[in-house]
$ cat upload_3.cif   # mmCIF, C-alpha atoms
data_structure
loop_
_atom_site.label_atom_id
_atom_site.label_comp_id
_atom_site.auth_asym_id
_atom_site.auth_seq_id
_atom_site.Cartn_x
_atom_site.Cartn_y
_atom_site.Cartn_z
CA MET M 1 24.51 -8.57 23.61
CA ASN M 2 24.51 -4.96 22.57
CA SER M 3 26.52 -5.59 19.42
CA ILE M 4 24.27 -8.50 18.45
CA PHE M 5 21.27 -6.25 18.88
CA SER M 6 22.72 -3.50 16.68
CA VAL M 7 23.84 -6.00 14.02
CA HIS M 8 20.32 -7.32 13.74
CA THR M 9 18.77 -3.88 13.67
CA ILE M 10 21.05 -2.82 10.83
CA ARG M 11 20.41 -6.08 9.02
CA PHE M 12 16.66 -5.60 9.40
CA ILE M 13 16.69 -2.07 7.98
CA ALA M 14 19.18 -2.86 5.22
CA LEU M 15 17.22 -5.90 4.02
CA VAL M 16 13.92 -3.99 3.99
CA PHE M 17 15.43 -1.18 1.93
CA ILE M 18 17.19 -3.51 -0.48
CA GLN M 19 13.98 -5.45 -0.92
CA VAL M 20 11.55 -2.60 -1.55
CA LEU M 21 13.84 -0.22 -3.39
CA ILE M 22 15.82 -2.55 -5.63
CA LEU M 23 14.62 -6.13 -5.75
CA ASN M 24 10.95 -5.35 -6.20
CA HIS M 25 11.68 -3.48 -9.39
CA ILE M 26 13.41 -6.37 -11.11
CA ASN M 27 10.20 -8.00 -12.41
CA PHE M 28 12.16 -10.47 -14.50
CA LEU M 29 9.90 -11.78 -17.31
CA GLY M 30 7.12 -9.60 -15.96
CA TYR M 31 6.57 -11.11 -12.53
CA ILE M 32 9.62 -12.88 -11.09
CA ASN M 33 11.07 -11.08 -8.08
CA PRO M 34 13.48 -12.44 -5.49
CA TYR M 35 12.53 -11.98 -1.85
CA ILE M 36 15.80 -12.13 0.03
CA TYR M 37 14.62 -10.31 3.14
CA ILE M 38 13.94 -13.74 4.62
CA LEU M 39 17.70 -13.88 5.20
CA PHE M 40 16.92 -12.04 8.41
CA ILE M 41 14.86 -14.97 9.62
CA ALA M 42 17.29 -17.54 8.24
CA PHE M 43 20.30 -16.05 10.01
CA PHE M 44 18.58 -15.24 13.28
CA PRO M 45 20.59 -16.84 16.13
CA VAL M 46 19.30 -20.27 16.97
CA LYS M 47 19.82 -19.87 20.69
CA ASN M 48 17.54 -16.87 21.02
CA ASN M 49 13.98 -17.03 22.13
CA ARG M 50 11.51 -18.37 19.62
CA ILE M 51 8.82 -15.86 20.56
CA ILE M 52 11.16 -12.95 19.83
CA LEU M 53 11.87 -14.37 16.38
CA ILE M 54 8.16 -14.77 15.59
CA LEU M 55 7.42 -11.23 16.75
CA LEU M 56 10.32 -9.78 14.76
CA SER M 57 9.30 -11.73 11.67
CA PHE M 58 5.81 -10.33 11.94
CA LEU M 59 7.27 -6.84 12.18
CA LEU M 60 9.56 -7.49 9.21
CA GLY M 61 6.72 -8.81 7.08
CA LEU M 62 4.43 -5.96 8.06
CA THR M 63 7.08 -3.38 7.14
CA ILE M 64 7.45 -4.97 3.71
CA ASP M 65 3.67 -5.08 3.34
CA MET M 66 3.41 -1.42 4.19
CA PHE M 67 5.87 -0.52 1.45
CA LEU M 68 4.29 -2.76 -1.13
CA ASP M 69 0.60 -2.24 -0.26
CA THR M 70 0.01 -5.96 -0.05
CA GLY M 71 -2.20 -6.21 3.03
CA GLY M 72 -0.68 -8.88 5.25
CA ILE M 73 0.76 -11.45 2.88
CA HIS M 74 4.43 -10.94 3.73
CA ALA M 75 3.67 -10.81 7.44
CA GLY M 76 1.78 -14.08 7.19
CA ALA M 77 4.50 -15.86 5.23
CA CYS M 78 7.23 -14.57 7.57
CA VAL M 79 5.42 -15.62 10.73
CA PHE M 80 4.83 -19.02 9.18
CA ILE M 81 8.48 -19.74 8.39
CA ALA M 82 9.60 -18.28 11.73
CA TYR M 83 7.22 -20.69 13.43
CA ILE M 84 8.38 -23.82 11.65
CA ARG M 85 12.06 -22.83 11.51
CA PRO M 86 13.07 -25.25 14.31
CA LEU M 87 11.60 -28.11 12.28
CA ILE M 88 13.49 -27.07 9.18
CA LEU M 89 16.69 -26.64 11.17
CA LYS M 90 16.29 -30.12 12.58
CA SER M 91 15.62 -31.73 9.25
CA SER M 92 18.46 -30.01 7.41
CA PHE M 93 21.19 -29.96 10.06
CA GLY M 94 20.23 -32.99 12.11
CA MET M 95 22.56 -33.73 14.99
CA ILE M 96 24.35 -30.39 15.10
CA TYR M 97 21.09 -28.66 15.80
CA GLU M 98 20.18 -31.13 18.52
CA HIS M 99 23.31 -30.20 20.42
CA GLN M 100 22.52 -26.48 20.11
CA THR M 101 26.02 -25.79 18.81
CA ILE M 102 25.08 -24.63 15.35
CA ARG M 103 27.00 -21.78 13.76
CA PHE M 104 26.05 -20.77 10.24
CA ASN M 105 29.66 -20.06 9.33
CA THR M 106 30.92 -23.52 10.12
CA VAL M 107 28.27 -25.92 8.85
CA GLU M 108 28.84 -27.54 5.49
CA PHE M 109 27.45 -26.05 2.33
CA GLY M 110 25.11 -28.88 1.37
CA SER M 111 23.01 -28.79 4.51
CA LYS M 112 22.98 -25.01 4.42
CA LEU M 113 21.56 -25.16 0.89
CA THR M 114 18.84 -27.57 2.03
CA TYR M 115 18.00 -25.19 4.84
CA PHE M 116 17.72 -22.16 2.56
CA THR M 117 15.75 -24.08 -0.05
CA LEU M 118 13.19 -25.38 2.42
CA LEU M 119 12.79 -21.96 4.01
CA THR M 120 12.45 -20.16 0.67
CA VAL M 121 10.01 -22.58 -0.92
CA LEU M 122 7.76 -22.66 2.14
CA HIS M 123 7.83 -18.88 2.40
CA HIS M 124 7.00 -18.41 -1.27
CA ILE M 125 4.17 -20.94 -1.26
CA VAL M 126 2.47 -19.18 1.65
CA LEU M 127 3.24 -15.77 0.14
CA PHE M 128 1.77 -16.45 -3.28
CA SER M 129 -1.20 -18.42 -1.95
CA LEU M 130 -2.12 -15.41 0.16
CA GLU M 131 -1.44 -12.99 -2.67
CA ILE M 132 -3.51 -14.76 -5.32
CA PHE M 133 -5.97 -16.13 -2.77
CA SER M 134 -7.92 -18.46 -5.00
CA ILE M 135 -7.68 -22.22 -5.41
CA SER M 136 -8.70 -22.10 -9.04
CA LYS M 137 -5.44 -20.36 -9.89
CA ILE M 138 -3.26 -22.96 -8.16
CA LEU M 139 -1.15 -23.41 -11.29
CA LEU M 140 -0.26 -19.73 -11.26
CA ILE M 141 0.67 -19.99 -7.57
CA LEU M 142 2.95 -22.96 -8.18
CA GLN M 143 4.50 -21.34 -11.24
CA LYS M 144 5.26 -18.12 -9.37
CA THR M 145 6.58 -20.08 -6.39
CA LEU M 146 8.91 -22.17 -8.54
CA PHE M 147 10.47 -19.33 -10.53
CA SER M 148 10.74 -16.87 -7.68
CA SER M 149 12.20 -19.55 -5.43
CA ILE M 150 14.95 -20.34 -7.92
CA PHE M 151 15.79 -16.64 -8.15
CA THR M 152 15.69 -16.13 -4.38
CA ILE M 153 17.80 -19.18 -3.56
CA LEU M 154 20.38 -18.17 -6.13
CA LEU M 155 20.65 -14.69 -4.63
CA ILE M 156 20.73 -16.00 -1.06
CA VAL M 157 23.59 -18.35 -1.91
CA ILE M 158 25.50 -15.53 -3.57
CA VAL M 159 24.94 -13.21 -0.60
CA ASN M 160 25.97 -16.02 1.69
CA ILE M 161 29.23 -16.60 -0.19
CA ILE M 162 30.07 -12.91 -0.29
CA PHE M 163 29.35 -12.17 3.34
CA SER M 164 30.42 -15.37 5.04
CA ARG M 165 33.34 -14.70 7.34
CA LYS M 166 36.11 -17.20 7.79
CA SER M 167 35.43 -19.25 10.87
CA LYS M 168 37.37 -17.95 13.77
CA MET F 1 -0.37 -19.52 20.44
CA LEU F 2 1.52 -16.42 19.45
CA PHE F 3 2.02 -17.90 16.01
CA LEU F 4 -1.70 -18.48 15.55
CA LEU F 5 -2.48 -14.98 16.76
CA LEU F 6 -0.04 -13.22 14.45
CA PHE F 7 -0.81 -15.51 11.51
CA GLY F 8 -4.50 -14.81 12.03
CA LEU F 9 -3.77 -11.10 12.15
CA SER F 10 -1.89 -11.16 8.86
CA LEU F 11 -4.68 -13.21 7.30
CA LEU F 12 -7.11 -10.54 8.44
CA PHE F 13 -4.98 -7.83 6.83
CA THR F 14 -4.79 -9.87 3.65
CA ILE F 15 -8.53 -10.39 3.45
CA GLN F 16 -9.13 -6.73 4.20
CA SER F 17 -6.80 -5.72 1.41
CA HIS F 18 -8.85 -7.80 -1.01
CA SER F 19 -12.00 -5.85 -0.37
CA TYR F 20 -12.40 -2.39 -1.75
CA HIS F 21 -11.47 0.55 0.50
CA LYS F 22 -11.03 -1.61 3.58
CA SER F 23 -7.30 -1.92 4.33
CA LYS F 24 -7.02 0.59 7.12
CA PHE F 25 -3.52 0.54 8.55
CA ILE F 26 -1.16 -1.08 6.14
CA ASN F 27 -0.77 1.17 3.14
CA SER F 28 2.12 3.03 1.59
CA ALA F 29 0.55 6.48 1.85
CA ASN F 30 1.85 6.99 5.37
CA PHE F 31 4.62 9.32 6.45
CA LEU F 32 7.40 6.73 6.59
CA THR F 33 6.92 4.77 3.39
CA GLY F 34 5.73 7.77 1.40
CA GLY F 35 8.76 9.76 2.52
CA VAL F 36 11.17 6.98 1.60
CA TYR F 37 9.60 6.45 -1.81
CA ASN F 38 9.52 10.17 -2.48
CA SER F 39 13.19 10.74 -1.70
CA VAL F 40 14.25 7.74 -3.77
CA ASN F 41 12.01 8.86 -6.60
CA ASN F 42 13.67 12.28 -6.51
CA ILE F 43 16.84 10.55 -7.63
CA SER F 44 15.51 7.80 -9.84
CA ASN F 45 13.32 10.01 -11.98
CA TYR F 46 16.43 11.47 -13.56
CA PHE F 47 17.03 8.18 -15.31
CA ASP F 48 14.05 8.31 -17.63
CA LEU F 49 13.88 12.08 -17.87
CA LYS F 50 14.35 11.99 -21.62
CA SER F 51 11.49 9.64 -22.45
CA GLN F 52 9.16 11.37 -19.99
CA ASN F 53 10.01 14.73 -21.56
CA GLN F 54 9.17 13.31 -24.95
CA LEU F 55 5.81 12.12 -23.64
CA LEU F 56 5.04 15.53 -22.18
CA SER F 57 6.04 17.43 -25.29
CA GLU F 58 4.00 15.02 -27.40
CA GLU F 59 1.02 15.77 -25.20
CA ASN F 60 1.68 19.50 -25.46
CA ARG F 61 1.74 19.18 -29.23
CA ARG F 62 -1.60 17.37 -29.21
CA LEU F 63 -3.20 19.94 -26.91
CA ARG F 64 -1.81 22.85 -28.94
CA SER F 65 -3.21 21.44 -32.15
CA LEU F 66 -6.50 20.86 -30.38
CA ILE F 67 -6.61 24.47 -29.24
CA SER F 68 -5.66 26.02 -32.54
CA ASN F 69 -8.04 23.78 -34.48
CA THR F 70 -11.06 24.51 -32.30
CA GLY F 71 -10.55 28.20 -32.89
CA ILE F 72 -10.14 29.31 -29.30
CA GLU F 73 -7.87 32.31 -28.83
CA SER F 74 -4.38 31.18 -28.00
CA ASP F 75 -4.44 33.35 -24.86
CA SER F 76 -6.85 30.87 -23.39
CA ILE F 77 -4.01 28.45 -22.67
CA PHE F 78 -3.68 30.31 -19.42
CA ILE F 79 -7.22 29.64 -18.26
CA ASP F 80 -7.18 28.46 -14.70
CA SER F 81 -7.85 24.76 -14.62
CA ILE F 82 -10.58 25.33 -12.04
CA SER F 83 -12.79 26.93 -14.64
CA PHE F 84 -12.21 24.14 -17.16
CA GLY F 85 -15.65 22.94 -18.13
CA LYS F 86 -16.72 23.83 -14.59
CA SER F 87 -17.30 20.21 -13.63
CA TYR F 88 -13.87 18.59 -13.51
CA ARG F 89 -10.75 19.80 -11.74
CA PHE F 90 -7.33 18.49 -12.70
CA PHE F 91 -4.26 18.12 -10.48
CA SER F 92 -0.86 17.05 -11.75
CA SER F 93 1.14 14.53 -9.78
CA ASN F 94 4.03 12.08 -9.95
CA ILE F 95 3.97 8.36 -9.34
CA ILE F 96 6.55 7.56 -6.69
CA LYS F 97 5.83 3.85 -6.47
CA ASN F 98 4.74 1.80 -9.45
CA SER F 99 3.70 -1.84 -9.29
CA TYR F 100 2.44 -4.21 -11.97
CA SER F 101 3.61 -7.73 -11.16
CA LEU F 102 1.15 -8.54 -8.37
CA ASN F 103 -2.48 -9.53 -8.63
CA ASN F 104 -3.64 -6.42 -6.80
CA ASN F 105 -1.39 -3.59 -7.83
CA ILE F 106 -1.44 -0.31 -5.94
CA LEU F 107 0.52 2.80 -6.88
CA THR F 108 1.63 5.68 -4.67
CA LEU F 109 1.41 9.36 -5.66
CA ASN F 110 3.16 12.37 -4.15
CA LYS F 111 -0.01 14.43 -3.60
CA GLY F 112 -2.34 14.05 -0.65
CA GLU F 113 -4.91 15.77 1.51
CA ASN F 114 -2.83 18.95 1.65
CA ASP F 115 -3.44 19.28 -2.10
CA SER F 116 -7.14 18.49 -1.54
CA ILE F 117 -6.90 14.99 -2.98
CA LYS F 118 -9.64 12.71 -1.67
CA GLN F 119 -10.77 9.12 -2.03
CA ASP F 120 -12.39 8.10 -5.34
CA PHE F 121 -10.75 10.73 -7.52
CA GLY F 122 -9.78 9.41 -10.93
CA VAL F 123 -6.17 9.15 -12.11
CA ILE F 124 -5.16 9.34 -15.78
CA SER F 125 -1.95 9.94 -17.72
CA SER F 126 -1.50 11.74 -21.02
CA LYS F 127 -2.16 8.47 -22.84
CA GLY F 128 -5.07 7.06 -20.89
CA ILE F 129 -6.59 5.71 -17.74
CA ILE F 130 -4.49 4.70 -14.70
CA GLY F 131 -6.79 4.04 -11.73
CA ILE F 132 -8.74 5.46 -8.79
CA ILE F 133 -7.45 7.09 -5.58
CA ASP F 134 -7.85 4.78 -2.60
CA LYS F 135 -6.10 6.01 0.56
CA THR F 136 -4.84 9.50 1.25
CA SER F 137 -2.47 10.83 3.88
CA ARG F 138 -1.31 14.41 4.27
CA ASN F 139 1.25 14.37 1.45
CA TYR F 140 0.73 11.06 -0.31
CA SER F 141 -2.04 8.95 -1.70
CA THR F 142 -2.42 5.41 -3.01
CA VAL F 143 -4.10 4.49 -6.28
CA ILE F 144 -5.95 1.28 -7.10
CA SER F 145 -4.43 0.62 -10.50
CA ILE F 146 -6.56 -0.75 -13.35
CA LEU F 147 -4.13 -3.66 -13.02
CA ASN F 148 -5.92 -4.76 -9.86
CA THR F 149 -8.28 -7.71 -9.78
CA THR F 150 -10.67 -5.79 -7.52
CA SER F 151 -10.83 -2.74 -9.79
CA ARG F 152 -14.14 -2.14 -11.62
CA ILE F 153 -14.38 0.82 -13.98
CA SER F 154 -17.23 1.62 -16.33
CA ALA F 155 -16.07 1.77 -19.96
CA GLN F 156 -17.70 1.76 -23.36
CA LEU F 157 -17.08 1.43 -27.07
CA LYS F 158 -16.15 4.69 -28.72
CA LYS F 159 -18.29 4.26 -31.82
CA SER F 160 -21.47 3.17 -30.04
CA ASN F 161 -22.75 3.70 -26.53
CA HIS F 162 -22.69 0.08 -25.38
CA PHE F 163 -20.99 0.03 -22.01
CA GLY F 164 -19.44 -2.62 -19.80
CA THR F 165 -17.05 -3.06 -16.91
CA LEU F 166 -13.29 -2.85 -17.21
CA THR F 167 -11.58 -5.51 -15.11
CA TRP F 168 -8.22 -7.26 -14.99
CA ASN F 169 -7.54 -11.00 -14.84
CA GLY F 170 -4.11 -10.64 -13.27
CA LYS F 171 -2.18 -12.10 -16.18
CA ASP F 172 -0.66 -9.52 -18.49
CA PRO F 173 0.01 -5.85 -17.61
CA LYS F 174 -0.49 -4.88 -21.26
CA PHE F 175 -4.11 -6.05 -21.41
CA ALA F 176 -7.26 -5.38 -19.42
CA GLN F 177 -10.63 -7.12 -19.87
CA LEU F 178 -13.88 -5.42 -20.73
CA ILE F 179 -16.86 -7.59 -19.73
CA ASP F 180 -20.65 -7.29 -19.88
CA ILE F 181 -20.75 -5.75 -23.34
CA PRO F 182 -24.11 -6.93 -24.79
CA LYS F 183 -24.00 -9.36 -27.69
CA ILE F 184 -25.82 -6.92 -29.95
CA ALA F 185 -22.98 -4.38 -29.83
CA PRO F 186 -20.93 -3.93 -33.01
CA VAL F 187 -17.55 -5.12 -31.73
CA SER F 188 -14.59 -5.43 -34.05
CA LYS F 189 -10.84 -5.67 -33.69
CA GLY F 190 -8.98 -2.39 -33.36
CA ASP F 191 -11.95 -0.41 -32.03
CA THR F 192 -11.19 2.15 -29.34
CA ILE F 193 -12.47 1.76 -25.78
CA ILE F 194 -13.11 4.91 -23.70
CA THR F 195 -14.48 5.54 -20.22
CA SER F 196 -18.24 5.92 -20.17
CA GLY F 197 -18.60 8.75 -17.65
CA ARG F 198 -21.31 6.82 -15.86
CA SER F 199 -19.39 6.36 -12.63
CA SER F 200 -18.98 10.05 -11.69
CA ILE F 201 -15.25 9.37 -11.26
CA PHE F 202 -13.94 9.76 -14.79
CA PRO F 203 -15.33 12.14 -17.37
CA LYS F 204 -16.64 10.50 -20.52
CA GLY F 205 -14.05 9.90 -23.21
CA VAL F 206 -10.82 9.15 -21.35
CA ARG F 207 -8.96 6.76 -23.61
CA VAL F 208 -8.50 3.22 -22.32
CA GLY F 209 -7.21 1.03 -25.14
CA ILE F 210 -8.01 -0.78 -28.37
CA ILE F 211 -9.70 -4.14 -28.84
CA GLU F 212 -7.17 -6.93 -29.27
CA ASP F 213 -9.59 -9.85 -29.46
CA PHE F 214 -13.05 -10.75 -28.16
CA PHE F 215 -15.30 -13.74 -27.56
CA LEU F 216 -18.72 -14.53 -26.07
CA ASP F 217 -18.88 -15.59 -22.43
CA GLN F 218 -20.23 -18.99 -21.34
CA ALA F 219 -23.87 -17.92 -21.36
CA GLU F 220 -23.27 -16.43 -24.83
CA ASN F 221 -25.05 -13.20 -23.95
CA TYR F 222 -22.15 -10.88 -23.36
CA TYR F 223 -18.80 -10.24 -24.97
CA GLU F 224 -15.55 -10.54 -23.08
CA ILE F 225 -13.08 -8.23 -24.74
CA ASN F 226 -9.31 -8.16 -24.38
CA VAL F 227 -8.30 -4.50 -24.41
CA LYS F 228 -4.74 -3.53 -25.26
CA LEU F 229 -4.07 -0.55 -23.02
CA PHE F 230 -2.76 2.70 -24.47
CA ASN F 231 -0.67 3.20 -21.35
CA ASP F 232 2.47 1.21 -20.82
CA MET F 233 1.67 0.55 -17.17
CA THR F 234 5.21 -0.59 -16.51
CA SER F 235 6.61 2.87 -17.19
CA ILE F 236 4.50 5.79 -16.02
CA GLU F 237 5.64 8.88 -14.21
CA HIS F 238 3.51 12.01 -14.70
CA VAL F 239 -0.20 11.63 -14.07
CA TYR F 240 -3.28 13.81 -13.61
CA ILE F 241 -5.78 13.46 -10.81
CA ILE F 242 -9.39 14.31 -11.75
CA GLU F 243 -11.93 15.63 -9.33
CA ASN F 244 -15.57 15.60 -10.33
CA VAL F 245 -16.88 18.80 -8.75
CA ASN F 246 -20.49 17.66 -9.03
CA LYS F 247 -19.86 14.27 -7.53
CA GLU F 248 -21.45 15.01 -4.19
CA GLU F 249 -24.60 16.25 -5.85
CA ILE F 250 -24.80 13.15 -8.02
CA THR F 251 -24.26 10.69 -5.17
CA ASN F 252 -26.79 12.55 -3.00
CA LEU F 253 -29.32 12.35 -5.76
CA LEU F 254 -28.70 8.63 -6.25
CA SER F 255 -28.77 7.75 -2.57
CA SER F 256 -31.98 9.64 -1.90
CA ASN F 257 -33.91 7.15 -4.01
#
$ encode --input "upload_3.cif" --output "C-alpha cells"
Amino acid sequence: MNSIFSVHTIRFIALVFIQVLILNHINFLGYINPYIYILFIAFFPVKNNRIILILLSFLLGLTIDMFLDTGGIHAGACVFIAYIRPLILKSSFGMIYEHQTIRFNTVEFGSKLTYFTLLTVLHHIVLFSLEIFSISKILLILQKTLFSSIFTILLIVIVNIIFSRKSK
Amino acid sequence: MLFLLLFGLSLLFTIQSHSYHKSKFINSANFLTGGVYNSVNNISNYFDLKSQNQLLSEENRRLRSLISNTGIESDSIFIDSISFGKSYRFFSSNIIKNSYSLNNNILTLNKGENDSIKQDFGVISSKGIIGIIDKTSRNYSTVISILNTTSRISAQLKKSNHFGTLTWNGKDPKFAQLIDIPKIAPVSKGDTIITSGRSSIFPKGVRVGIIEDFFLDQAENYYEINVKLFNDMTSIEHVYIIENVNKEEITNLLSSN
C-alpha cells in the first residue's frame, strides 16, 4: 500500500512538472499542445475507490490550472473523465474489466489504444469548450480538440511503450 | 454527487476567470507556482540571452539618441526614475511565465507587492504594449496580456486623435483588433497605433502596432482595424511596469461625479 501511494505521488508531481514546464511551451503551429498529465487518471488502479480518483483528479486539474492561470478548465475536464472512466473502461476492455482483473501491462495494445483515445478526446472536448466558452466558436473548439488529441495520443502511446514493464 | 459538486466548482472557477479581476484563488502569482516558474526561468533565460541583449542595447541606442538630440545634458541619464515627468514611475521586471496559445492569456512577472506593484499598473516592453497587472502576491504578479479576449485598452491613431478600444479575437498572437474607431477617421494601411492615455493606466504614446488591414463593422459606423503588434508576444523577457502616480486623484475625481 505504501509503495503504491508513493508511486502515485511521484507520478502526480512528475506529470505536473513535465506538463507545465515543458509541454506547455511546445505550441506547435501556434496553439497545439499535448496534455499528457491525464496519464495519471488513465493509469490509476481500477480497484481503488472511485471517490478518491475523482478527488485526486480535481486536485491534479486545479494544480495545472494554478500554473497556467486558466481558472478551472483543467479541473473540470479532469473530474469529468475521472467520473466517466468506468464507462470507458467497460466499453474498451469489455469482459476483462467486468471480472475486475484488469492490469494495464497485460491487456492487448488495440483495446489500450481505444481506451486512451476515448479518454483523451473526451478530456480535450471538455477542456477546450470550457476554455473558449462560446458556442459560436464551435469550429475552433473542434479544431483544437482534433489536433491536440492526435498529439496527446501519440505522446501517451510513446510514453506507454517506453515505460511499460514486462509482465511478471 | 461528488462529481457534480467538483464539476460545478471548476465551472465556477472557469466563469470567474472569464470576468475581469474576479479569479480569487487560482492564479500563478502565489508562492508555489511563482517560485517554481522563477527558478526554472533562472535557468532558461540563458538560452535567449543573446537576442535579449540585442533588444536591450537597441533600446539603449534609441534612448541615447533621444537624449542627445533633445539637448539634455548627458549627466541627466542618472536622474532617478521617480522624478521622471513626475507622473509616471517605471519598474523593470522579467516575465517568468509567458503564454500566447490560449484564448485568455495571462503572464507572470517576478515583481510583486514587496516592490510596490499593485493591480492595474500598465506593463510595456521596449517595443510596445504588453498588458495590465491583474493579481499580485508578495514577490510575483500576473498580467492580463493584450492577447486576452477580456482585455480592453484604450488606443488611438498616431496621426489624429480618433480613439478606440484595443481587443483581441483569440486567433493570431501577431495581431490585435482596434474597434470603435469612427468612420470619419483617416485610416490607412501602415499607420501607427499608440495608446491614448485616456485610461490612466498607460501614458499617451506607448507604441502598439501598425495597421495591417481595416474594414467597416456591420452597422457601417465604425472601423474594425487589424493591428500588427510591434511586440513579438511569443518571445518577451524584459518588461517595464508603469505606475501612474496621479491615478488615485483621477479616479477620485471621476467617481465623485
$ resolve_selection --input "upload_3.cif" --expression "the PyMOL selection byres ((chain M) within 8 of (chain F))" --output "number ranges by chain"
M: 21, 27, 30-32, 51, 54, 58, 62, 65-73, 75-76, 79-80, 83, 130-132
$ resolve_selection --input "upload_3.cif" --expression "the PyMOL selection byres ((chain M and resi 37-47) around 10)" --output "ChimeraX atom specification"
/M:4,8-9,11-20,23,34-36,48-50,53-54,56-57,60-61,64,74,77-79,81-82,85-86,89,97,100-104,115-116,119-120,123,152,156,159-160
$ write_last_selection --input "upload_3.cif" --atoms "C-alpha atoms" --output "PDB file, in the coordinates of the input"
ATOM      1  CA  ILE M   4      24.270  -8.500  18.450  1.00  0.00           C
ATOM      2  CA  HIS M   8      20.320  -7.320  13.740  1.00  0.00           C
ATOM      3  CA  THR M   9      18.770  -3.880  13.670  1.00  0.00           C
ATOM      4  CA  ARG M  11      20.410  -6.080   9.020  1.00  0.00           C
ATOM      5  CA  PHE M  12      16.660  -5.600   9.400  1.00  0.00           C
ATOM      6  CA  ILE M  13      16.690  -2.070   7.980  1.00  0.00           C
ATOM      7  CA  ALA M  14      19.180  -2.860   5.220  1.00  0.00           C
ATOM      8  CA  LEU M  15      17.220  -5.900   4.020  1.00  0.00           C
ATOM      9  CA  VAL M  16      13.920  -3.990   3.990  1.00  0.00           C
ATOM     10  CA  PHE M  17      15.430  -1.180   1.930  1.00  0.00           C
ATOM     11  CA  ILE M  18      17.190  -3.510  -0.480  1.00  0.00           C
ATOM     12  CA  GLN M  19      13.980  -5.450  -0.920  1.00  0.00           C
ATOM     13  CA  VAL M  20      11.550  -2.600  -1.550  1.00  0.00           C
ATOM     14  CA  LEU M  23      14.620  -6.130  -5.750  1.00  0.00           C
ATOM     15  CA  PRO M  34      13.480 -12.440  -5.490  1.00  0.00           C
ATOM     16  CA  TYR M  35      12.530 -11.980  -1.850  1.00  0.00           C
ATOM     17  CA  ILE M  36      15.800 -12.130   0.030  1.00  0.00           C
ATOM     18  CA  ASN M  48      17.540 -16.870  21.020  1.00  0.00           C
ATOM     19  CA  ASN M  49      13.980 -17.030  22.130  1.00  0.00           C
ATOM     20  CA  ARG M  50      11.510 -18.370  19.620  1.00  0.00           C
ATOM     21  CA  LEU M  53      11.870 -14.370  16.380  1.00  0.00           C
ATOM     22  CA  ILE M  54       8.160 -14.770  15.590  1.00  0.00           C
ATOM     23  CA  LEU M  56      10.320  -9.780  14.760  1.00  0.00           C
ATOM     24  CA  SER M  57       9.300 -11.730  11.670  1.00  0.00           C
ATOM     25  CA  LEU M  60       9.560  -7.490   9.210  1.00  0.00           C
ATOM     26  CA  GLY M  61       6.720  -8.810   7.080  1.00  0.00           C
ATOM     27  CA  ILE M  64       7.450  -4.970   3.710  1.00  0.00           C
ATOM     28  CA  HIS M  74       4.430 -10.940   3.730  1.00  0.00           C
ATOM     29  CA  ALA M  77       4.500 -15.860   5.230  1.00  0.00           C
ATOM     30  CA  CYS M  78       7.230 -14.570   7.570  1.00  0.00           C
ATOM     31  CA  VAL M  79       5.420 -15.620  10.730  1.00  0.00           C
ATOM     32  CA  ILE M  81       8.480 -19.740   8.390  1.00  0.00           C
ATOM     33  CA  ALA M  82       9.600 -18.280  11.730  1.00  0.00           C
ATOM     34  CA  ARG M  85      12.060 -22.830  11.510  1.00  0.00           C
ATOM     35  CA  PRO M  86      13.070 -25.250  14.310  1.00  0.00           C
ATOM     36  CA  LEU M  89      16.690 -26.640  11.170  1.00  0.00           C
ATOM     37  CA  TYR M  97      21.090 -28.660  15.800  1.00  0.00           C
ATOM     38  CA  GLN M 100      22.520 -26.480  20.110  1.00  0.00           C
ATOM     39  CA  THR M 101      26.020 -25.790  18.810  1.00  0.00           C
ATOM     40  CA  ILE M 102      25.080 -24.630  15.350  1.00  0.00           C
ATOM     41  CA  ARG M 103      27.000 -21.780  13.760  1.00  0.00           C
ATOM     42  CA  PHE M 104      26.050 -20.770  10.240  1.00  0.00           C
ATOM     43  CA  TYR M 115      18.000 -25.190   4.840  1.00  0.00           C
ATOM     44  CA  PHE M 116      17.720 -22.160   2.560  1.00  0.00           C
ATOM     45  CA  LEU M 119      12.790 -21.960   4.010  1.00  0.00           C
ATOM     46  CA  THR M 120      12.450 -20.160   0.670  1.00  0.00           C
ATOM     47  CA  HIS M 123       7.830 -18.880   2.400  1.00  0.00           C
ATOM     48  CA  THR M 152      15.690 -16.130  -4.380  1.00  0.00           C
ATOM     49  CA  ILE M 156      20.730 -16.000  -1.060  1.00  0.00           C
ATOM     50  CA  VAL M 159      24.940 -13.210  -0.600  1.00  0.00           C
ATOM     51  CA  ASN M 160      25.970 -16.020   1.690  1.00  0.00           C
TER      52      ASN M 160
END
$ resolve_selection --input "upload_3.cif" --expression "the PyMOL selection byres ((chain F and resi 147) around 6)" --output "ChimeraX atom specification"
/F:105,145-146,148,168
$ atom_distance --input "upload_3.cif" --atom1 "CA of Leu56 (chain F)" --atom2 "CA of Ile193 (chain F)"
22.6 Å
$ atom_distance --input "upload_3.cif" --atom1 "CA of Ile250 (chain F)" --atom2 "CA of Asn139 (chain F)"
27.7 Å
$ residues_around --input "upload_3.cif" --residues "region 237-243 of chain F" --least-positions-apart "2" --cutoff "6 Å" --atoms "only C-alpha atoms" --output "NGL selection string"
:F and (88-95 or 121-125 or 245)
$ write_last_selection --input "upload_3.cif" --atoms "C-alpha atoms" --output "PDB file, in the coordinates of the input"
ATOM      1  CA  TYR F  88     -13.870  18.590 -13.510  1.00  0.00           C
ATOM      2  CA  ARG F  89     -10.750  19.800 -11.740  1.00  0.00           C
ATOM      3  CA  PHE F  90      -7.330  18.490 -12.700  1.00  0.00           C
ATOM      4  CA  PHE F  91      -4.260  18.120 -10.480  1.00  0.00           C
ATOM      5  CA  SER F  92      -0.860  17.050 -11.750  1.00  0.00           C
ATOM      6  CA  SER F  93       1.140  14.530  -9.780  1.00  0.00           C
ATOM      7  CA  ASN F  94       4.030  12.080  -9.950  1.00  0.00           C
ATOM      8  CA  ILE F  95       3.970   8.360  -9.340  1.00  0.00           C
ATOM      9  CA  PHE F 121     -10.750  10.730  -7.520  1.00  0.00           C
ATOM     10  CA  GLY F 122      -9.780   9.410 -10.930  1.00  0.00           C
ATOM     11  CA  VAL F 123      -6.170   9.150 -12.110  1.00  0.00           C
ATOM     12  CA  ILE F 124      -5.160   9.340 -15.780  1.00  0.00           C
ATOM     13  CA  SER F 125      -1.950   9.940 -17.720  1.00  0.00           C
ATOM     14  CA  VAL F 245     -16.880  18.800  -8.750  1.00  0.00           C
TER      15      VAL F 245
END
